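Q: Structure in structure tokens, see below.
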Amino acid sequence: MFKAEIKSDTLKGLVNVISTLVDEAKFCISETGVNLKAVDPAHVAMVDLTIGKGAFESYTADNGTEMGVDLDKMKDMLKLAGSGDILSMEQDESQGRLVIKVGNITRRMNLVDTAGMNDPKVPQLSLPANVDVAISELQRGMKAAESVSDHIALSADSESFELFCEGDTDSVSLKLDKNKLAGISATSKVRSLFPLDYFSNLVKAIPSDTVVKISLGNDYPVKLSFTFADGNGNVGYLLAPRIEND
Amino acid sequence: MFKAEIKSDTLKGLVNVISTLVDEAKFCISETGVNLKAVDPAHVAMVDLTIGKGAFESYTADNGTEMGVDLDKMKDMLKLAGSGDILSMEQDESQGRLVIKVGNITRRMNLVDTAGMNDPKVPQLSLPANVDVAISELQRGMKAAESVSDHIALSADSESFELFCEGDTDSVSLKLDKNKLAGISATSKVRSLFPLDYFSNLVKAIPSDTVVKISLGNDYPVKLSFTFADGNGNVGYLLAPRIEND
Amino acid sequence: MFKAEIKSDTLKGLVNVISTLVDEAKFCISETGVNLKAVDPAHVAMVDLTIGKGAFESYTADNGTEMGVDLDKMKDMLKLAGSGDILSMEQDESQGRLVIKVGNITRRMNLVDTAGMNDPKVPQLSLPANVDVAISELQRGMKAAESVSDHIALSADSESFELFCEGDTDSVSLKLDKNKLAGISATSKVRSLFPLDYFSNLVKAIPSDTVVKISLGNDYPVKLSFTFADGNGNVGYLLAPRIEND
């Protein structure tokens, strides 16, 4: 059983992040909140997202509830909601449907079969550099990077964090010194290369007032993590590196 | 002879409604105002629209004047007009043209031959249910409905009005109780099914501050009617039902 | 050597005007400012543009510096800049690159080979009619004209200035009397026909608060000239006439 109400802005942010990786996702629901783990079809990135009960306006659920949701349908409903609107959701177990309400509009949507959806195992990484940065800084950088290359190098030392894209004729860099960051710690200089589209899609999907923690190593996956709904929810996103051929 | 000035907003609303059904239309003009009747090529819907002299800023016309107008050209001119701008129109009988002015811009457009345009006969219907509803309520519902099905069921009883769309996997409903409506009267519960695209295009074309009267029966055409320009104009729109195959 | 800072709005206006004619352009740089002359591939129009040192926030350059610039890349950078942002540019002579900075973002772009770019010779024309007009008046006219024809006639006498488009079925005119103009002088009535797309693209590229001088003759090129950056820059644009076949 699952029945809950949530601010449309909160849900919108989450659905945008998840749908950079998958079209359908399995929500694992318990009495204390909702968890979702998803890996994109190419196995390049993974998201691990928890929405605590406190992120909801109201929340009732049984432990062990699972729902497979078509995220495009969820987005359709979110488009109807204005900022500040409350969305109500209720599982209709007898029909295998999720009933979503926004204002006077009710949509009953078939749930997706979760049989083929495995629970990815989230690796525990210990990464030597950590940068706290306002996502809005990165969002502008992404626009510049996209015209130049399809790879992006992230690097950090104890003084600064840099995004660097090198194309055949041009290069773009976004360099943020310590004083432009919410925090930085690095035991050494680290650098890894990533597919630009994954990184860019994620950065653009994150609500623009978010501060993101970027954890980085040398030719190692990057982890982006942030909280939402006054700390009642948190997202971890892992992206695999590309090998540099110099 | 026809010479008139009208607020661009007033004309814009009307042209948008008419052009959901036809690309060209015959305006029948008399000393007291303008009437237009049009049926779409598939004979599924009909509009009957009257613009009284009082809806114009200035108005001079001879009885029996007819003008065939290409609505896309009219729309082009309306795009040049800001909200509050006045549009002036004058028939140039010698050249078979309509001269439209917005600000310093003058467009002389060839009129369309009206020989092949018949005057459709507007049926008189007595419909058992009448609902008065703010069009803005329906506009949001249309956005939800379009992703689900290409038919829409309208139903009403003495307590509520409902729009319902059923697709293969999902359904969407917009239910408005008595207290969400400007008025409702129904002698019995009625329900009819309609093509969603016609209904949706009309709802989206109606200015968003309009209250519309929806007259409904059982497997019967729906009539939408509303006034504009402080009651100096009125629109009646009839849409044929689809047969339900349950 | 070239190193300068400029308001993004100033540069945006210029790049928009130049890129109606060419994709790549040669900037000829001296101690006192920058000059650019460009002819479109079809040799129908020419732009001659000077940006004085005073139009820049800071400016250092050696005489005889030349830079070939890909305007699309410049536009990409300008899209990152908000209104009021300062853009810094510096030539990297050793690598043949231009380094552009907006905020924390740096783009290093390869310069374009200027060997094949000739300096067009700007003809000196003495044109009998001169009209000073707010470009915003013309911008609205362009929207109306585009749906009607692909040629536009400009005419002027001592009392008024007119843009006229004649299509197969419709015509559009924008007529501005003396009192709607910032100035007009004409020794006789003059009229020339021009390709609408060139004229329209230019008019739309000019910042909307600009007053433009239009110099006109009989079946003769039109010259549009205007200043920018508080008179520190000026643009001359010449467009060849089309022959009228009446």
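Going by the structure tokens order, chains are called A, B, ..., each with residues numbered from 1, while ligands are numbered from 1 in the order shown.
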Within 10 Å of chain B, which residues of chain A show up? Give each one with its shortest atom-to-atom distance in Å (one decimal) and the two atoms involved, counting only C-alpha atoms, rows by chain then rising residue number, as a Markdown table.

A:
```
| residue | atom | partner | partner_atom | distance |
| --- | --- | --- | --- | --- |
| A:Lys73 | CA | B:Ser147 | CA | 8.3 |
| A:Asp76 | CA | B:Ala144 | CA | 6.9 |
| A:Met77 | CA | B:Ala144 | CA | 6.8 |
| A:Leu78 | CA | B:Ala144 | CA | 9.8 |
| A:Lys79 | CA | B:Lys143 | CA | 8.5 |
| A:Leu80 | CA | B:Arg140 | CA | 6.5 |
| A:Ala81 | CA | B:Arg140 | CA | 9.2 |
| A:Arg97 | CA | B:Asp170 | CA | 8.4 |
| A:Leu98 | CA | B:Asp170 | CA | 9.4 |
| A:Val99 | CA | B:Ser171 | CA | 9.4 |
| A:Ile100 | CA | B:Val172 | CA | 9.4 |
| A:Lys101 | CA | B:Ser173 | CA | 9.4 |
| A:Val102 | CA | B:Leu174 | CA | 9.7 |
| A:Gly103 | CA | B:Leu174 | CA | 8.9 |
| A:Asn104 | CA | B:Leu174 | CA | 5.5 |
| A:Ile105 | CA | B:Leu174 | CA | 4.4 |
| A:Thr106 | CA | B:Ser173 | CA | 5.1 |
| A:Arg107 | CA | B:Val172 | CA | 4.2 |
| A:Arg108 | CA | B:Ser171 | CA | 5.1 |
| A:Met109 | CA | B:Asp170 | CA | 4.4 |
| A:Asn110 | CA | B:Thr169 | CA | 5.4 |
| A:Leu111 | CA | B:Thr169 | CA | 8.9 |
```

Q: Which residues are near segment 63-68 of chain A? Cut-off 8 Å, only C-alpha atoms, ignore same chain within fewer than 5 positions. Put them as JSON, numbers by chain.

A: {"A": [1, 2, 24, 25, 26, 27, 28, 29, 30, 31, 111, 112, 113, 114]}

Q: Write the selection just made, keeping C-alpha atoms, as an mmCIF file, in the first residue's frame?

A:
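Generated output (part23.cif):
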```cif
data_model
loop_
_atom_site.group_PDB
_atom_site.id
_atom_site.type_symbol
_atom_site.label_atom_id
_atom_site.label_comp_id
_atom_site.auth_asym_id
_atom_site.auth_seq_id
_atom_site.Cartn_x
_atom_site.Cartn_y
_atom_site.Cartn_z
ATOM 1 C CA MET A 1 0.000 0.000 0.000
ATOM 2 C CA PHE A 2 1.201 3.475 -0.811
ATOM 3 C CA GLU A 24 10.988 3.511 -16.378
ATOM 4 C CA ALA A 25 12.042 3.010 -12.791
ATOM 5 C CA LYS A 26 11.218 0.845 -9.804
ATOM 6 C CA PHE A 27 10.330 2.709 -6.614
ATOM 7 C CA CYS A 28 10.980 0.629 -3.466
ATOM 8 C CA ILE A 29 8.626 1.869 -0.795
ATOM 9 C CA SER A 30 8.698 1.368 2.957
ATOM 10 C CA GLU A 31 7.057 2.914 6.027
ATOM 11 C CA LEU A 111 2.183 0.422 -13.428
ATOM 12 C CA VAL A 112 5.141 -1.103 -15.251
ATOM 13 C CA ASP A 113 6.174 -4.696 -14.597
ATOM 14 C CA THR A 114 9.194 -4.622 -12.273
#
```

Q: What lies within 10 Å of segment 216-228 of chain C using only C-alpha atoms, ignoring chain neighbours under 4 positions off, as a ChimeraX atom specification?

A: /C:10,13-14,44-51,55,125-132,153-156,186,188-194,199,202-203,206-207,210-212,232-244

Q: Can you write just those residues out, N, CA and C atoms, as a short mmCIF file (atom, residue, chain, number, x, y, z; two decimals), in the first residue's frame?

A:
```cif
data_model
loop_
_atom_site.label_atom_id
_atom_site.label_comp_id
_atom_site.auth_asym_id
_atom_site.auth_seq_id
_atom_site.Cartn_x
_atom_site.Cartn_y
_atom_site.Cartn_z
N THR C 10 27.19 45.24 -26.51
CA THR C 10 27.78 45.95 -27.65
C THR C 10 28.26 44.96 -28.70
N GLY C 13 25.35 43.05 -30.59
CA GLY C 13 24.73 43.81 -31.67
C GLY C 13 25.56 43.75 -32.94
N LEU C 14 26.88 43.91 -32.81
CA LEU C 14 27.76 43.92 -33.98
C LEU C 14 27.83 42.57 -34.65
N VAL C 44 25.93 40.70 -52.87
CA VAL C 44 24.72 41.54 -52.91
C VAL C 44 24.80 42.65 -51.87
N ALA C 45 25.49 42.39 -50.78
CA ALA C 45 25.53 43.40 -49.72
C ALA C 45 26.93 43.47 -49.11
N MET C 46 27.21 44.59 -48.49
CA MET C 46 28.52 44.84 -47.90
C MET C 46 28.33 45.56 -46.57
N VAL C 47 29.15 45.19 -45.58
CA VAL C 47 29.12 45.92 -44.33
C VAL C 47 30.52 46.49 -44.05
N ASP C 48 30.55 47.70 -43.54
CA ASP C 48 31.81 48.38 -43.19
C ASP C 48 31.62 48.93 -41.78
N LEU C 49 32.35 48.36 -40.84
CA LEU C 49 32.05 48.58 -39.43
C LEU C 49 33.31 49.01 -38.68
N THR C 50 33.20 50.04 -37.89
CA THR C 50 34.34 50.50 -37.10
C THR C 50 33.97 50.56 -35.63
N ILE C 51 34.81 49.97 -34.80
CA ILE C 51 34.60 50.01 -33.35
C ILE C 51 35.78 50.77 -32.76
N ALA C 55 34.75 52.41 -27.44
CA ALA C 55 33.61 51.50 -27.26
C ALA C 55 33.94 50.35 -26.33
N LEU C 125 29.07 56.67 -52.46
CA LEU C 125 27.82 56.95 -53.17
C LEU C 125 27.27 58.30 -52.72
N SER C 126 26.71 59.03 -53.67
CA SER C 126 26.01 60.26 -53.31
C SER C 126 24.54 60.02 -53.58
N LEU C 127 23.77 59.90 -52.51
CA LEU C 127 22.37 59.49 -52.65
C LEU C 127 21.44 60.64 -52.32
N PRO C 128 20.43 60.88 -53.16
CA PRO C 128 19.62 62.10 -53.07
C PRO C 128 18.63 62.15 -51.91
N ALA C 129 18.28 61.00 -51.31
CA ALA C 129 17.29 61.05 -50.22
C ALA C 129 17.89 60.44 -48.95
N ASN C 130 17.63 61.08 -47.82
CA ASN C 130 18.10 60.57 -46.54
C ASN C 130 16.97 60.57 -45.52
N VAL C 131 16.79 59.43 -44.89
CA VAL C 131 15.70 59.27 -43.93
C VAL C 131 16.30 58.77 -42.61
N ASP C 132 15.96 59.42 -41.51
CA ASP C 132 16.37 58.93 -40.18
C ASP C 132 15.15 58.31 -39.51
N ALA C 153 10.17 47.30 -51.91
CA ALA C 153 10.51 48.59 -52.52
C ALA C 153 10.60 49.64 -51.42
N LEU C 154 11.69 50.40 -51.42
CA LEU C 154 11.80 51.54 -50.51
C LEU C 154 11.63 52.81 -51.34
N SER C 155 10.81 53.73 -50.87
CA SER C 155 10.66 54.99 -51.59
C SER C 155 10.58 56.14 -50.61
N ALA C 156 10.98 57.30 -51.07
CA ALA C 156 10.95 58.48 -50.21
C ALA C 156 10.74 59.72 -51.06
N ALA C 186 14.86 64.97 -49.14
CA ALA C 186 14.89 64.35 -50.46
C ALA C 186 14.71 65.45 -51.49
N SER C 188 14.10 64.83 -54.62
CA SER C 188 13.04 64.39 -55.54
C SER C 188 12.47 63.09 -55.00
N LYS C 189 11.44 62.58 -55.64
CA LYS C 189 10.89 61.28 -55.22
C LYS C 189 11.80 60.19 -55.75
N VAL C 190 12.26 59.28 -54.86
CA VAL C 190 13.14 58.19 -55.28
C VAL C 190 12.53 56.85 -54.87
N ARG C 191 12.93 55.80 -55.60
CA ARG C 191 12.37 54.47 -55.33
C ARG C 191 13.34 53.41 -55.84
N SER C 192 13.62 52.41 -55.02
CA SER C 192 14.44 51.28 -55.46
C SER C 192 13.88 50.00 -54.87
N LEU C 193 14.15 48.90 -55.57
CA LEU C 193 13.64 47.59 -55.14
C LEU C 193 14.81 46.76 -54.60
N PHE C 194 14.56 46.02 -53.50
CA PHE C 194 15.63 45.24 -52.88
C PHE C 194 15.17 43.83 -52.54
N PHE C 199 17.37 42.65 -46.53
CA PHE C 199 16.92 43.84 -45.80
C PHE C 199 16.30 43.45 -44.46
N LEU C 202 18.87 42.21 -41.85
CA LEU C 202 19.62 43.33 -41.28
C LEU C 202 18.76 44.09 -40.26
N VAL C 203 17.55 44.43 -40.67
CA VAL C 203 16.67 45.22 -39.80
C VAL C 203 16.46 44.49 -38.47
N ILE C 206 19.58 44.67 -36.01
CA ILE C 206 19.97 45.94 -35.40
C ILE C 206 19.29 46.12 -34.05
N PRO C 207 20.04 46.50 -33.00
CA PRO C 207 19.42 46.69 -31.68
C PRO C 207 18.21 47.63 -31.77
N THR C 210 17.90 51.66 -31.84
CA THR C 210 18.78 52.38 -32.76
C THR C 210 17.98 53.26 -33.72
N VAL C 211 18.51 54.46 -34.01
CA VAL C 211 17.98 55.27 -35.11
C VAL C 211 18.92 55.08 -36.30
N VAL C 212 18.37 54.69 -37.43
CA VAL C 212 19.16 54.36 -38.61
C VAL C 212 18.96 55.42 -39.68
N ASN C 232 30.87 55.75 -30.36
CA ASN C 232 32.23 55.25 -30.50
C ASN C 232 32.37 54.20 -31.60
N GLY C 233 31.24 53.76 -32.14
CA GLY C 233 31.30 52.79 -33.22
C GLY C 233 30.34 53.21 -34.31
N ASN C 234 30.62 52.80 -35.55
CA ASN C 234 29.62 53.05 -36.58
C ASN C 234 29.61 51.96 -37.63
N VAL C 235 28.43 51.77 -38.20
CA VAL C 235 28.19 50.73 -39.18
C VAL C 235 27.65 51.35 -40.45
N GLY C 236 28.21 50.97 -41.58
CA GLY C 236 27.63 51.31 -42.87
C GLY C 236 27.29 50.01 -43.58
N TYR C 237 26.10 49.94 -44.16
CA TYR C 237 25.66 48.70 -44.80
C TYR C 237 25.10 49.07 -46.16
N LEU C 238 25.62 48.44 -47.21
CA LEU C 238 25.18 48.74 -48.57
C LEU C 238 24.48 47.53 -49.16
N LEU C 239 23.34 47.75 -49.78
CA LEU C 239 22.58 46.64 -50.37
C LEU C 239 22.27 46.99 -51.83
N ALA C 240 22.62 46.06 -52.74
CA ALA C 240 22.41 46.30 -54.17
C ALA C 240 20.93 46.19 -54.53
N PRO C 241 20.48 46.98 -55.49
CA PRO C 241 19.06 46.95 -55.87
C PRO C 241 18.75 45.78 -56.79
N ARG C 242 17.48 45.45 -56.88
CA ARG C 242 16.99 44.50 -57.88
C ARG C 242 16.36 45.31 -59.01
N ILE C 243 16.44 44.76 -60.23
CA ILE C 243 15.79 45.45 -61.35
C ILE C 243 14.30 45.12 -61.34
N GLU C 244 13.48 46.13 -61.45
CA GLU C 244 12.03 45.90 -61.50
C GLU C 244 11.62 45.55 -62.92
#
```

Q: If you run DSSP on the backbone here, which positions in segment 129-236 of chain B get strand (DSSP E)? Please write them as a tab-separated table (two decimals) with N, CA and C atoms, in the first residue's frame.

A:
```tsv
chain	number	residue	atom	x	y	z
B	129	ALA	N	-28.96	18.86	-20.28
B	129	ALA	CA	-28.04	19.30	-19.22
B	129	ALA	C	-27.29	20.55	-19.66
B	130	ASN	N	-27.14	21.50	-18.74
B	130	ASN	CA	-26.41	22.73	-19.03
B	130	ASN	C	-25.42	23.01	-17.92
B	131	VAL	N	-24.18	23.25	-18.32
B	131	VAL	CA	-23.11	23.49	-17.36
B	131	VAL	C	-22.44	24.81	-17.72
B	132	ASP	N	-22.27	25.69	-16.75
B	132	ASP	CA	-21.50	26.92	-16.97
B	132	ASP	C	-20.15	26.77	-16.27
B	133	VAL	N	-19.08	26.86	-17.07
B	133	VAL	CA	-17.77	26.55	-16.51
B	133	VAL	C	-16.71	27.53	-17.04
B	134	ALA	N	-15.78	27.90	-16.16
B	134	ALA	CA	-14.65	28.74	-16.59
B	134	ALA	C	-13.77	27.92	-17.52
B	151	HIS	N	-10.28	10.24	-27.75
B	151	HIS	CA	-11.69	10.51	-27.52
B	151	HIS	C	-11.86	11.08	-26.13
B	152	ILE	N	-12.94	11.82	-25.95
B	152	ILE	CA	-13.22	12.35	-24.62
B	152	ILE	C	-14.71	12.21	-24.35
B	153	ALA	N	-15.02	11.73	-23.16
B	153	ALA	CA	-16.43	11.62	-22.76
B	153	ALA	C	-16.77	12.79	-21.85
B	154	LEU	N	-17.86	13.47	-22.17
B	154	LEU	CA	-18.37	14.52	-21.28
B	154	LEU	C	-19.62	13.97	-20.61
B	155	SER	N	-19.71	14.14	-19.30
B	155	SER	CA	-20.92	13.70	-18.62
B	155	SER	C	-21.31	14.69	-17.55
B	156	ALA	N	-22.59	14.73	-17.25
B	156	ALA	CA	-23.08	15.65	-16.23
B	156	ALA	C	-24.30	15.07	-15.55
B	160	SER	N	-22.50	17.41	-10.69
B	160	SER	CA	-21.12	17.56	-11.17
B	160	SER	C	-21.03	17.39	-12.67
B	161	PHE	N	-19.89	17.86	-13.19
B	161	PHE	CA	-19.58	17.76	-14.61
B	161	PHE	C	-18.24	17.05	-14.72
B	162	GLU	N	-18.12	16.11	-15.65
B	162	GLU	CA	-16.87	15.36	-15.75
B	162	GLU	C	-16.41	15.20	-17.19
B	163	LEU	N	-15.10	15.37	-17.40
B	163	LEU	CA	-14.45	15.02	-18.66
B	163	LEU	C	-13.65	13.76	-18.39
B	164	PHE	N	-13.79	12.76	-19.27
B	164	PHE	CA	-13.14	11.49	-19.01
B	164	PHE	C	-12.51	10.94	-20.29
B	165	CYS	N	-11.23	10.58	-20.20
B	165	CYS	CA	-10.50	10.00	-21.33
B	165	CYS	C	-10.00	8.65	-20.92
B	166	GLU	N	-10.23	7.64	-21.76
B	166	GLU	CA	-9.73	6.31	-21.43
B	166	GLU	C	-8.84	5.80	-22.54
B	170	ASP	N	-4.07	3.87	-19.57
B	170	ASP	CA	-4.29	4.92	-18.58
B	170	ASP	C	-5.63	5.61	-18.81
B	171	SER	N	-6.11	6.26	-17.78
B	171	SER	CA	-7.29	7.12	-17.95
B	171	SER	C	-7.04	8.45	-17.24
B	172	VAL	N	-7.68	9.48	-17.75
B	172	VAL	CA	-7.59	10.80	-17.13
B	172	VAL	C	-8.99	11.33	-16.93
B	173	SER	N	-9.27	11.88	-15.77
B	173	SER	CA	-10.57	12.51	-15.60
B	173	SER	C	-10.41	13.89	-14.97
B	174	LEU	N	-11.28	14.80	-15.39
B	174	LEU	CA	-11.38	16.11	-14.76
B	174	LEU	C	-12.80	16.20	-14.24
B	175	LYS	N	-12.94	16.20	-12.93
B	175	LYS	CA	-14.29	16.23	-12.36
B	175	LYS	C	-14.49	17.55	-11.63
B	176	LEU	N	-15.55	18.25	-12.01
B	176	LEU	CA	-15.84	19.54	-11.38
B	176	LEU	C	-17.17	19.45	-10.65
B	177	ASP	N	-17.12	19.59	-9.34
B	177	ASP	CA	-18.35	19.56	-8.56
B	177	ASP	C	-19.07	20.90	-8.69
B	183	GLY	N	-22.43	27.27	-12.81
B	183	GLY	CA	-23.84	26.87	-12.80
B	183	GLY	C	-23.98	25.48	-13.37
B	184	ILE	N	-25.01	24.75	-12.94
B	184	ILE	CA	-25.27	23.43	-13.52
B	184	ILE	C	-26.75	23.11	-13.35
B	185	SER	N	-27.34	22.52	-14.42
B	185	SER	CA	-28.69	22.01	-14.30
B	185	SER	C	-28.79	20.80	-15.21
B	186	ALA	N	-29.36	19.74	-14.69
B	186	ALA	CA	-29.51	18.52	-15.48
B	186	ALA	C	-30.72	17.78	-14.96
B	190	VAL	N	-26.41	12.53	-18.02
B	190	VAL	CA	-26.18	12.40	-19.46
B	190	VAL	C	-24.71	12.19	-19.74
B	191	ARG	N	-24.41	11.57	-20.89
B	191	ARG	CA	-23.03	11.27	-21.25
B	191	ARG	C	-22.93	11.12	-22.76
B	192	SER	N	-21.93	11.77	-23.35
B	192	SER	CA	-21.66	11.60	-24.78
B	192	SER	C	-20.16	11.59	-25.00
B	193	LEU	N	-19.76	10.92	-26.10
B	193	LEU	CA	-18.34	10.78	-26.42
B	193	LEU	C	-18.02	11.67	-27.63
B	194	PHE	N	-16.85	12.33	-27.60
B	194	PHE	CA	-16.49	13.25	-28.69
B	194	PHE	C	-15.04	13.04	-29.14
B	195	PRO	N	-14.75	13.48	-30.38
B	195	PRO	CA	-13.35	13.42	-30.82
B	195	PRO	C	-12.54	14.45	-30.02
B	211	VAL	N	-16.37	32.37	-19.54
B	211	VAL	CA	-17.22	31.34	-18.97
B	211	VAL	C	-18.06	30.77	-20.11
B	212	VAL	N	-18.02	29.45	-20.28
B	212	VAL	CA	-18.66	28.79	-21.40
B	212	VAL	C	-19.86	27.99	-20.90
B	213	LYS	N	-20.96	28.04	-21.67
B	213	LYS	CA	-22.09	27.16	-21.36
B	213	LYS	C	-21.96	25.90	-22.21
B	214	ILE	N	-21.94	24.75	-21.55
B	214	ILE	CA	-21.87	23.47	-22.25
B	214	ILE	C	-23.22	22.78	-22.13
B	215	SER	N	-23.85	22.53	-23.29
B	215	SER	CA	-25.16	21.88	-23.29
B	215	SER	C	-24.99	20.47	-23.82
B	216	LEU	N	-25.53	19.51	-23.07
B	216	LEU	CA	-25.14	18.11	-23.27
B	216	LEU	C	-26.36	17.20	-23.23
B	222	VAL	N	-22.77	18.04	-28.58
B	222	VAL	CA	-22.58	19.00	-27.50
B	222	VAL	C	-22.59	20.40	-28.11
B	223	LYS	N	-23.16	21.34	-27.37
B	223	LYS	CA	-23.13	22.73	-27.82
B	223	LYS	C	-22.36	23.55	-26.79
B	224	LEU	N	-21.36	24.27	-27.26
B	224	LEU	CA	-20.66	25.21	-26.38
B	224	LEU	C	-21.02	26.61	-26.82
B	225	SER	N	-21.43	27.43	-25.89
B	225	SER	CA	-21.75	28.80	-26.27
B	225	SER	C	-21.16	29.78	-25.27
B	226	PHE	N	-20.74	30.93	-25.80
B	226	PHE	CA	-20.21	31.97	-24.91
B	226	PHE	C	-20.33	33.32	-25.60
B	227	THR	N	-20.27	34.36	-24.81
B	227	THR	CA	-20.33	35.71	-25.36
B	227	THR	C	-18.95	36.35	-25.24
B	228	PHE	N	-18.77	37.44	-25.97
B	228	PHE	CA	-17.51	38.18	-25.89
B	228	PHE	C	-17.81	39.65	-26.13
B	233	GLY	N	-21.06	40.16	-28.70
B	233	GLY	CA	-20.85	39.10	-29.65
B	233	GLY	C	-21.18	37.78	-29.01
B	234	ASN	N	-21.56	36.78	-29.82
B	234	ASN	CA	-21.74	35.47	-29.23
B	234	ASN	C	-21.37	34.37	-30.20
B	235	VAL	N	-20.92	33.26	-29.62
B	235	VAL	CA	-20.46	32.12	-30.39
B	235	VAL	C	-21.24	30.89	-29.96
B	236	GLY	N	-21.73	30.14	-30.94
B	236	GLY	CA	-22.29	28.82	-30.67
B	236	GLY	C	-21.47	27.81	-31.45
```

Q: Within segment 13-212 of chain B, find each residue whose DSSP state, derived from the backbone, is helix (DSSP H, G or I), and express the selection as a PyMOL selection string.

A: chain B and resi 13-18+53-55+71-80+135-145+178-180+196-205

Q: How many Å separate atom CA of Phe56 of chain C from atom CA of Val122 of chain C?

A: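 So the two atoms, atom CA of Phe56 of chain C and atom CA of Val122 of chain C, lie 25.1 Å apart.
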